[in-house]
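One file, run_23.txt, carrying compact mmCIF, C-alpha atoms:
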```txt
# COMPACT_ATOMS: atom_id res chain seq x y z
CA MET A 51 110.09 7.46 100.86
CA SER A 52 108.53 10.85 101.60
CA PRO A 53 104.75 10.91 102.21
CA ASP A 54 104.13 13.13 99.14
CA LEU A 55 106.10 10.84 96.84
CA LEU A 56 104.26 7.77 98.17
CA LYS A 57 100.90 9.49 97.63
CA ARG A 58 101.88 10.46 94.09
CA TRP A 59 102.92 6.90 93.23
CA HIS A 60 99.82 5.51 94.92
CA GLY A 61 97.68 7.79 92.73
CA ARG A 62 99.50 6.85 89.52
CA MET A 63 99.23 3.13 90.27
CA GLY A 64 95.53 3.61 91.06
CA VAL A 65 94.83 5.24 87.68
CA LEU A 66 96.73 2.46 85.90
CA ALA A 67 94.87 -0.23 87.81
CA ALA A 68 91.37 1.29 87.56
CA ALA A 69 90.44 -0.14 84.15
CA PHE A 70 91.67 -3.61 85.14
CA VAL A 71 89.84 -3.50 88.47
CA LEU A 72 86.62 -2.72 86.62
CA LEU A 73 87.25 -5.46 84.04
CA LEU A 74 88.11 -8.10 86.65
CA ALA A 75 85.21 -7.10 88.91
CA PHE A 76 82.74 -7.23 86.02
CA SER A 77 83.99 -10.58 84.66
CA GLY A 78 84.14 -12.00 88.21
CA LEU A 79 80.57 -10.87 88.90
CA CYS A 80 79.35 -12.54 85.69
CA LEU A 81 81.31 -15.74 86.48
CA ASN A 82 79.57 -15.96 89.85
CA HIS A 83 76.22 -16.19 88.07
CA VAL A 84 77.02 -18.09 84.86
CA SER A 85 74.48 -20.84 85.49
CA SER A 86 71.59 -18.63 86.56
CA TRP A 87 72.21 -16.22 83.68
CA GLY A 88 72.62 -19.07 81.15
CA LEU A 89 76.12 -18.00 80.17
CA ASP A 90 77.47 -21.55 80.56
CA THR A 91 75.29 -22.87 77.75
CA LYS A 92 75.02 -19.85 75.44
CA ALA A 93 77.43 -20.25 72.52
CA LEU A 94 79.48 -17.46 70.99
CA ARG A 95 78.11 -16.47 67.60
CA SER A 96 80.15 -13.39 66.77
CA PRO A 97 82.81 -14.15 64.13
CA ALA A 98 85.06 -11.54 65.79
CA LEU A 99 84.91 -13.34 69.15
CA LEU A 100 85.20 -16.79 67.55
CA GLY A 101 88.23 -15.47 65.69
CA LEU A 102 90.00 -15.14 69.06
CA TYR A 103 89.73 -18.95 69.31
CA GLY A 104 90.75 -19.55 65.69
CA MET A 105 87.21 -20.60 64.80
CA ALA A 106 86.23 -17.84 62.43
CA GLU A 107 86.84 -19.98 59.38
CA VAL A 108 83.90 -21.91 58.01
CA GLY A 109 84.03 -25.66 58.57
CA THR A 110 84.15 -28.44 56.00
CA VAL A 111 80.80 -30.02 55.16
CA VAL A 112 80.63 -33.72 54.31
CA SER A 113 77.35 -34.97 52.84
CA TYR A 114 75.85 -38.31 51.90
CA PRO A 115 72.68 -38.54 49.79
CA LEU A 116 69.66 -40.23 51.31
CA ALA A 117 66.83 -40.59 48.80
CA ASP A 118 66.27 -37.01 47.63
CA ALA A 119 67.83 -35.39 50.70
CA TYR A 120 71.26 -35.21 52.35
CA ILE A 121 72.74 -36.28 55.66
CA SER A 122 75.65 -33.94 56.41
CA GLN A 123 78.28 -33.36 59.05
CA SER A 124 79.51 -29.90 59.88
CA ASN A 125 81.50 -28.87 62.97
CA GLY A 126 80.81 -32.23 64.62
CA GLN A 127 77.03 -31.91 64.26
CA LEU A 128 74.83 -34.11 62.09
CA PHE A 129 72.14 -32.65 59.88
CA TYR A 130 69.25 -33.98 57.80
CA GLN A 131 69.09 -31.24 55.20
CA ASP A 132 69.53 -28.16 57.44
CA LYS A 133 67.92 -29.70 60.54
CA GLU A 134 70.31 -30.75 63.31
CA ILE A 135 69.60 -34.35 64.29
CA ASP A 136 72.50 -35.41 66.51
CA ARG A 137 76.27 -35.49 66.85
CA CYS A 138 78.82 -37.73 65.16
CA GLU A 139 81.61 -39.52 67.02
CA GLY A 140 84.40 -39.37 64.48
CA SER A 141 83.78 -38.49 60.87
CA LEU A 142 80.55 -39.17 59.00
CA VAL A 143 81.22 -42.13 56.67
CA GLY A 144 77.81 -43.02 55.21
CA ALA A 145 74.03 -42.95 55.36
CA LEU A 146 71.47 -45.35 53.94
CA LYS A 147 67.97 -46.75 54.28
CA LEU A 148 67.53 -50.22 55.71
CA GLY A 149 64.79 -52.79 55.95
CA SER A 150 61.57 -53.63 54.25
CA LYS A 151 58.72 -51.26 53.37
CA THR A 152 56.93 -52.12 56.61
CA THR A 153 59.84 -51.47 58.99
CA PRO A 154 62.25 -49.11 57.26
CA GLN A 155 65.08 -47.59 59.28
CA ILE A 156 67.82 -45.10 58.50
CA VAL A 157 71.43 -45.80 59.42
CA VAL A 158 73.87 -42.94 59.76
CA ALA A 159 77.41 -44.21 60.11
CA CYS A 160 80.15 -42.34 61.92
CA GLU A 161 83.60 -43.77 62.56
CA GLN A 162 82.84 -44.69 66.20
CA VAL A 163 79.06 -45.14 66.23
CA LEU A 164 76.10 -46.15 64.09
CA LEU A 165 72.98 -44.06 64.63
CA LEU A 166 69.71 -45.81 63.91
CA PHE A 167 66.74 -43.58 63.09
CA SER A 168 63.09 -44.17 62.36
CA PRO A 169 61.80 -42.98 58.94
CA THR A 170 60.63 -39.79 60.68
CA LEU A 171 64.20 -39.28 61.94
CA GLN A 172 63.49 -40.09 65.56
CA LEU A 173 66.61 -41.59 67.07
CA ILE A 174 66.06 -45.27 67.89
CA GLU A 175 69.49 -45.89 69.41
CA LYS A 176 73.19 -45.33 69.10
CA ILE A 177 75.25 -48.44 68.55
CA GLY A 178 78.88 -48.11 69.53
CA PRO A 179 81.73 -50.41 70.56
CA ALA A 180 79.88 -51.22 73.82
CA PHE A 181 77.32 -53.05 71.68
CA GLY A 182 80.00 -54.87 69.72
CA LEU A 183 80.36 -52.45 66.81
CA PRO A 184 83.73 -53.11 65.21
CA VAL A 185 85.58 -49.80 64.78
CA ALA A 186 86.75 -47.73 63.11
CA VAL A 187 83.93 -47.76 60.57
CA GLN A 188 85.19 -46.64 57.17
CA ARG A 189 82.07 -47.03 55.00
CA VAL A 190 78.69 -48.75 54.95
CA GLY A 191 76.81 -50.45 52.15
CA LEU A 192 74.08 -52.92 51.28
CA VAL A 193 74.26 -56.42 49.88
CA ASP A 194 70.78 -57.76 49.09
CA SER A 195 69.25 -55.42 51.72
CA GLU A 196 71.74 -56.57 54.37
CA LEU A 197 73.90 -53.93 56.03
CA LEU A 198 77.59 -54.28 55.30
CA VAL A 199 80.07 -52.42 57.49
CA ASP A 200 83.63 -51.90 56.30
CA THR A 201 85.92 -51.30 59.25
CA SER A 202 89.64 -51.05 59.88
CA GLY A 203 89.32 -54.60 61.25
CA GLY A 204 87.60 -56.04 58.17
CA LEU A 205 84.16 -56.42 56.60
CA PHE A 206 81.09 -57.40 58.63
CA PHE A 207 77.44 -58.10 57.93
CA ALA A 208 75.53 -56.25 60.65
CA ASP A 209 72.16 -57.14 62.16
CA LEU A 210 71.37 -54.02 64.17
CA ASN A 211 68.32 -55.51 65.88
CA ALA A 212 70.05 -58.65 67.16
CA LEU A 213 73.41 -56.83 67.40
CA ARG A 214 75.17 -59.54 65.41
CA TRP A 215 78.38 -58.81 63.52
CA THR A 216 79.36 -61.52 61.04
CA ALA A 217 82.80 -61.29 59.46
CA VAL A 218 82.79 -61.74 55.71
CA GLU A 219 85.52 -62.06 53.10
CA GLU A 220 85.96 -59.09 50.82
CA ARG A 221 85.95 -61.19 47.64
CA ASP A 222 82.54 -62.69 48.52
CA VAL A 223 80.65 -59.41 48.62
CA LEU A 224 82.47 -56.63 46.85
CA SER A 225 80.96 -57.35 43.43
CA SER A 226 77.38 -57.16 44.74
CA SER A 227 77.76 -54.41 47.34
CA GLN A 228 76.30 -50.92 47.00
CA TRP A 229 78.29 -48.50 49.12
CA SER A 230 77.02 -45.21 50.48
CA GLU A 231 79.10 -42.60 48.64
CA ALA A 232 79.76 -39.01 49.64
CA ALA A 233 78.28 -36.40 47.34
CA GLN A 234 78.26 -32.66 47.01
CA ALA A 235 75.14 -31.18 48.61
CA PRO A 236 73.50 -28.16 46.90
CA GLU A 237 75.60 -25.04 47.39
CA ASN A 238 73.04 -23.11 49.47
CA LEU A 239 72.70 -26.06 51.87
CA SER A 240 76.49 -26.49 52.17
CA LEU A 241 76.98 -22.78 52.86
CA ALA A 242 74.28 -22.77 55.55
CA LEU A 243 75.77 -25.85 57.25
CA ALA A 244 79.33 -24.55 57.03
CA ALA A 245 78.27 -21.49 58.99
CA SER A 246 76.79 -23.62 61.78
CA ILE A 247 78.64 -23.47 65.05
CA ASP A 248 79.07 -26.29 67.47
CA SER A 249 77.00 -25.05 70.38
CA GLU A 250 78.87 -27.25 72.87
CA ASP A 251 82.27 -25.73 72.38
CA ILE A 252 82.84 -22.03 73.04
CA THR A 253 80.42 -20.57 75.56
CA TYR A 254 80.27 -17.14 77.17
CA GLU A 255 81.48 -18.78 80.39
CA ARG A 256 84.68 -19.79 78.61
CA LEU A 257 85.09 -16.27 77.21
CA LEU A 258 84.59 -14.72 80.66
CA LEU A 259 87.07 -17.13 82.25
CA ASP A 260 89.64 -16.29 79.58
CA ILE A 261 89.08 -12.55 80.03
CA HIS A 262 89.33 -12.89 83.81
CA SER A 263 92.58 -14.85 83.65
CA GLY A 264 94.07 -12.92 80.74
CA ARG A 265 94.24 -16.05 78.56
CA ILE A 266 92.17 -14.30 75.92
CA LEU A 267 95.43 -12.54 74.95
CA GLY A 268 97.47 -15.74 75.06
CA GLU A 269 100.54 -16.31 77.23
CA TRP A 270 101.32 -12.57 77.52
CA GLY A 271 97.78 -11.92 78.72
CA VAL A 272 98.40 -14.17 81.72
CA TYR A 273 101.62 -12.26 82.53
CA LEU A 274 99.75 -8.98 82.19
CA VAL A 275 97.14 -10.14 84.73
CA ASP A 276 100.03 -11.27 86.99
CA VAL A 277 101.52 -7.76 86.80
CA MET A 278 98.13 -6.27 87.60
CA ALA A 279 97.74 -8.58 90.59
CA ILE A 280 101.12 -7.38 91.93
CA LEU A 281 100.02 -3.78 91.27
CA PHE A 282 96.83 -4.37 93.30
CA MET A 283 98.94 -5.69 96.20
CA LEU A 284 101.23 -2.64 96.02
CA LEU A 285 98.16 -0.39 95.97
CA ALA A 286 96.73 -2.06 99.04
CA ILE A 287 100.05 -1.78 100.91
CA SER A 288 100.79 1.81 99.83
CA GLY A 289 97.21 2.84 100.63
CA LEU A 290 97.51 1.35 104.08
CA VAL A 291 100.86 3.12 104.70
CA VAL A 292 99.46 6.50 103.52
CA TRP A 293 96.42 6.06 105.76
CA LEU A 294 98.52 5.12 108.81
CA ARG A 295 100.89 8.07 108.28
CA GLY A 296 97.93 10.44 107.92
CA LYS A 297 96.44 9.11 111.13
CA ARG A 298 99.70 9.59 113.06
CA ALA A 299 100.10 13.15 111.73
CA MET W 13 85.57 -48.32 83.38
CA SER W 14 84.55 -49.91 80.07
CA PRO W 15 81.00 -51.25 79.50
CA GLU W 16 82.50 -54.74 79.11
CA ALA W 17 84.20 -54.48 82.52
CA PHE W 18 80.97 -53.26 84.10
CA LEU W 19 79.03 -56.21 82.64
CA ALA W 20 81.76 -58.66 83.67
CA GLU W 21 81.45 -57.28 87.22
CA SER W 22 77.66 -57.60 87.14
CA PHE W 23 77.21 -61.13 85.73
CA SER W 24 78.94 -64.49 85.75
CA PRO W 25 80.83 -65.08 82.49
CA GLY W 26 78.57 -66.03 79.57
CA GLN W 27 75.36 -65.92 81.63
CA ALA W 28 73.84 -62.56 80.70
CA GLN W 29 71.43 -62.24 77.81
CA MET W 30 70.89 -58.96 76.03
CA GLU W 31 67.40 -57.74 75.26
CA SER W 32 65.89 -54.47 74.04
CA LEU W 33 62.98 -52.48 75.40
CA TRP W 34 60.99 -50.10 73.19
CA LEU W 35 60.12 -46.86 74.92
CA ARG W 36 56.68 -45.89 73.68
CA GLY W 37 53.46 -44.39 74.97
CA GLU W 38 53.18 -44.48 78.74
CA ILE W 39 56.83 -45.54 79.15
CA ARG W 40 57.99 -42.42 77.32
CA ASP W 41 55.74 -40.27 79.52
CA SER W 42 57.18 -41.88 82.65
CA ALA W 43 60.73 -41.42 81.31
CA GLN W 44 59.97 -37.75 80.78
CA GLN W 45 58.66 -37.46 84.34
CA ILE W 46 61.72 -39.15 85.87
CA LEU W 47 64.40 -37.55 83.68
CA ASN W 48 62.73 -34.14 83.21
CA HIS W 49 63.34 -34.51 79.48
CA ALA W 50 62.48 -36.99 76.75
CA TYR W 51 64.71 -40.05 76.60
CA PRO W 52 66.90 -39.58 73.50
CA GLY W 53 66.04 -42.84 71.77
CA LEU W 54 63.12 -45.12 71.06
CA ARG W 55 64.89 -48.27 72.24
CA ILE W 56 67.13 -49.15 75.17
CA ARG W 57 69.26 -52.29 75.58
CA TYR W 58 69.67 -54.17 78.81
CA TRP W 59 71.32 -57.34 80.04
CA TYR W 60 69.68 -59.83 82.38
CA THR W 61 69.77 -63.21 84.06
CA ARG W 62 66.94 -64.98 85.84
CA GLU W 63 68.23 -67.53 88.33
CA ALA W 64 66.17 -69.24 91.04
CA GLY W 65 63.42 -66.65 90.54
CA SER W 66 65.84 -63.77 91.04
CA LEU W 67 66.01 -61.19 88.24
CA ARG W 68 69.31 -59.40 87.77
CA THR W 69 69.48 -56.60 85.17
CA ALA W 70 72.16 -54.19 84.03
CA TRP W 71 71.54 -50.88 82.28
CA ILE W 72 73.96 -48.55 80.56
CA MET W 73 72.67 -45.07 79.85
CA ASN W 74 73.83 -41.55 79.18
CA GLU W 75 72.53 -38.63 81.18
CA VAL W 76 73.71 -35.04 80.78
CA GLY W 77 75.11 -33.44 83.91
CA LYS W 78 75.70 -29.85 82.92
CA THR W 79 76.55 -29.92 79.23
CA ARG W 80 78.07 -33.33 78.47
CA PRO W 81 76.64 -36.85 78.82
CA ILE W 82 77.80 -39.02 81.71
CA THR W 83 77.75 -42.74 80.87
CA ILE W 84 76.33 -44.60 83.87
CA GLY W 85 76.11 -48.35 84.49
CA ILE W 86 73.45 -49.57 86.95
CA ASN W 87 73.04 -53.13 88.14
CA ILE W 88 69.74 -54.10 89.80
CA VAL W 89 68.71 -57.31 91.56
CA ASP W 90 65.02 -57.85 92.33
CA GLY W 91 64.27 -54.14 92.40
CA HIS W 92 67.26 -53.22 94.61
CA ILE W 93 70.32 -51.43 93.22
CA GLU W 94 73.38 -53.62 93.57
CA ARG W 95 75.95 -51.27 92.06
CA VAL W 96 76.30 -47.96 90.26
CA ARG W 97 79.38 -47.26 88.17
CA ILE W 98 80.34 -44.16 86.22
CA LEU W 99 81.68 -45.58 82.96
CA GLU W 100 82.61 -42.30 81.35
CA PHE W 101 82.63 -38.78 82.74
CA ARG W 102 83.01 -36.01 80.17
CA GLU W 103 82.18 -32.87 82.16
CA SER W 104 84.95 -30.49 83.25
CA ARG W 105 83.63 -30.36 86.85
CA GLY W 106 81.83 -32.77 89.17
CA GLY W 107 84.03 -35.81 88.56
CA GLU W 108 83.69 -36.73 92.26
CA VAL W 109 80.55 -38.71 91.35
CA ARG W 110 82.93 -41.38 90.01
CA MET W 111 84.23 -42.05 93.49
CA ASP W 112 83.14 -45.03 95.54
CA PHE W 113 82.09 -42.87 98.53
CA PHE W 114 79.34 -41.43 96.30
CA THR W 115 78.19 -44.45 94.26
CA ARG W 116 77.97 -46.81 97.27
CA GLN W 117 75.14 -44.65 98.66
CA PHE W 118 72.90 -46.16 95.96
CA VAL W 119 73.44 -49.78 97.02
CA GLY W 120 70.22 -51.38 98.23
CA LEU W 121 67.94 -48.50 97.21
CA THR W 122 64.55 -49.16 95.64
CA LEU W 123 61.95 -47.07 93.83
CA GLN W 124 59.23 -45.59 96.01
CA PRO W 125 55.76 -44.98 94.58
CA PRO W 126 53.94 -42.82 93.67
CA GLU W 127 56.58 -40.22 92.72
CA ARG W 128 59.15 -42.86 91.75
CA GLN W 129 61.76 -41.44 94.12
CA LEU W 130 64.72 -43.30 95.57
CA SER W 131 63.98 -45.00 98.89
CA ASP W 132 66.69 -43.03 100.72
CA THR W 133 68.40 -39.69 100.34
CA ILE W 134 71.69 -39.34 98.51
CA ASP W 135 74.19 -36.89 99.98
CA GLY W 136 75.16 -34.21 97.48
CA ILE W 137 78.66 -33.06 96.59
CA THR W 138 79.57 -29.37 96.70
CA GLY W 139 80.27 -28.14 93.17
CA ALA W 140 78.88 -31.30 91.57
CA THR W 141 75.15 -30.67 92.01
CA LEU W 142 74.18 -31.31 88.39
CA SER W 143 76.30 -34.47 88.08
CA VAL W 144 74.75 -35.82 91.30
CA LYS W 145 71.27 -35.06 89.94
CA ALA W 146 72.10 -36.85 86.67
CA VAL W 147 73.23 -40.03 88.45
CA LYS W 148 70.16 -39.98 90.71
CA LYS W 149 67.84 -39.61 87.71
CA ALA W 150 69.59 -42.46 85.87
CA ALA W 151 69.24 -44.68 88.97
CA ARG W 152 65.50 -43.92 89.25
CA PHE W 153 65.03 -44.56 85.52
CA ALA W 154 66.89 -47.88 85.66
CA LEU W 155 64.79 -48.99 88.66
CA TYR W 156 61.64 -48.06 86.76
CA LEU W 157 62.76 -50.00 83.67
CA HIS W 158 63.69 -52.97 85.84
CA GLN W 159 60.13 -53.03 87.19
CA LEU W 160 58.81 -53.05 83.62
CA VAL W 161 60.96 -55.90 82.40
CA ALA W 162 60.43 -57.91 85.61
CA ILE W 163 56.90 -58.55 84.35
CA ASP W 164 58.01 -59.73 80.89
CA VAL W 165 61.27 -61.57 81.43
CA PRO W 166 60.61 -65.31 81.77
```
Now that the file is in, can you turn its structure into structure tokens?
Amino acid sequence: MSPDLLKRWHGRMGVLAAAFVLLLAFSGLCLNHVSSWGLDTKALRSPALLGLYGMAEVGTVVSYPLADAYISQSNGQLFYQDKEIDRCEGSLVGALKLGSKTTPQIVVACEQVLLLFSPTLQLIEKIGPAFGLPVAVQRVGLVDSELLVDTSGGLFFADLNALRWTAVEERDVLSSSQWSEAAQAPENLSLALAASIDSEDITYERLLLDIHSGRILGEWGVYLVDVMAILFMLLAISGLVVWLRGKRA
Amino acid sequence: MSPEAFLAESFSPGQAQMESLWLRGEIRDSAQQILNHAYPGLRIRYWYTREAGSLRTAWIMNEVGKTRPITIGINIVDGHIERVRILEFRESRGGEVRMDFFTRQFVGLTLQPPERQLSDTIDGITGATLSVKAVKKAARFALYLHQLVAIDVP
């Protein structure tokens, strides 16, 4: 190839690669400092960016009444009214008040864990299968102030302080049991919760990684970055050849 | 490793009793000092045996490494760590803390006053700094709790 032709092609490839070099350099620079700049914990909020991950649609809100308030689940998070209180493992399946007037407690039941709260909604503890909880929990109720847990493995009376699970026959309790039933929360509360975003999922670090690798554009984005990588190699080689020829001349 | 397997490894079959410890007042303040954040719960469960004057306890707790909780099992005998096991690791990076070469560094360590630090240094792992910190904090917290219950357990 003649020196002029090589220079021309080197120039054209350089112009084509310039925007990608800038994009990759910028995203790489940010990735090097994700922790110190807080990009690994900051969640995406923009609907346009979330739309790239198929998360622009509002989530489903499930609510259970608790006295004159609601315990709700939206996008994996648990809320008391509109205040985030914890996360659910599995779906929210019930919420109720337990105990006497002197030691009341609140139980929030998810499929894989029971969350025990104080009346002021301070978490006391999470009780999961490691503590003997039979799963999957399908609903919770009360029989004469005793907690009844309906699971895929049967019905159990639960003593959450002693962590005792006593199997019980369905016919013995169903007539006297009061189950926690899902209910429609007020519309303004449901709308506010539906717009909540799970802060643990899509962070700016993830967005930067996907931009850097091309995955933000799906499978073809990865191929595009591959092509650019080959272009950068050709640029380096052609640049070196042009420089060597110029030096010899 | 499941919690059941960890407890089976820590105690003879059918020997361990489960008890709960309420974290209030000064205990919460100490937890905050050790963990650098409030313990997310008012009550913690533990398992113990007391044989020939020797107190053996086991603690299962969650501590966040970077963004996700790591479930850690810690077994203590008379104030010395006997074993540390990572029961569940949910982070995308730093999973090396599950390996034996890391967890065996904790064996035999005690809690040193007044700063409640471990009695020996733990070698870090490149790229797993936050997970290493989380396991160290959990170990210090379990040793502290063991000291508390050592006074009360008959």
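Distance check against A:Val143 using all atoms listed in the file: of A:Val157, A:Leu259, A:Ile252, A:Val190, the minimum falls on A:Val190.
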- Interatomic distance (Å, one decimal) between atom CA of W:Arg110 and atom CA of W:Ile98: 5.4 Å
- May I ask which of the residues A:Arg256, A:Lys57, A:Arg95, A:Arg189 is the closest one to chain W, counting all atoms listed in the file? A:Arg256
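Among the candidates A:Leu192, A:Leu285, A:Leu290, A:Leu267, the residue lying nearest to A:Gly149 is A:Leu192 (atoms considered: all atoms listed in the file).
Distance check against chain A using all atoms listed in the file: of W:Ser131, W:Ser14, W:Gln29, W:Gln44, the minimum falls on W:Ser14.
With only C-alpha atoms taken into account, the protein and nucleic acid residues at most 12 Å from W:Arg55 (excluding it and anything under 3 positions from it in its own chain) are Leu165, Leu166, Phe167, Ser168, Gln172, Leu173, Ile174, Glu175, Lys176, Ile177, Leu210 and Asn211 of chain A; Glu31, Ser32, Leu33, Trp34, Leu35, Arg36, Ile39, Arg40, Tyr51, Pro52, Tyr58, Met73 and Leu157 of chain W.
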- Near chain A, which residues of chain W fall within 6 Å when you count all atoms listed in the file, and what do they look like as number ranges by chain? W: 15, 53-55
- Message: Taking 6 positions as the minimum chain separation for residues in the same chain, which residues sit within 8 Å of W:Gly107 when counting only C-alpha atoms? Answer as a list in words.
- Response: Phe101, Ala140 and Ser143 of chain W
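Atom to atom, atom CA of W:Leu130 and atom CA of W:Arg152 stand 6.4 Å apart.
One finds atom CA of W:Ala150 at 7.5 Å from atom CA of W:Leu47.
Closest approach to W:Gly136 among W:Tyr156, W:Trp59, W:Phe18, W:Phe113 is made by W:Phe113 (distances from all atoms listed in the file).
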- Write out as a list in words each polymer residue whose atoms come within 12 Å of W:Gln45, counting only C-alpha atoms; drop sequence neighbours fewer than 3 positions from it. Glu38, Ile39, Arg40, Asp41, Ser42, Asn48, His49, Ala50, Tyr51, Pro126, Glu127, Arg128, Gln129, Lys149, Arg152, Phe153 and Tyr156 of chain W
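In terms of minimum interatomic distance to A:Val199, A:Glu161 ranks closest within A:Asp222, A:Asp260, A:Glu161, A:Asp132, counting all atoms listed in the file.
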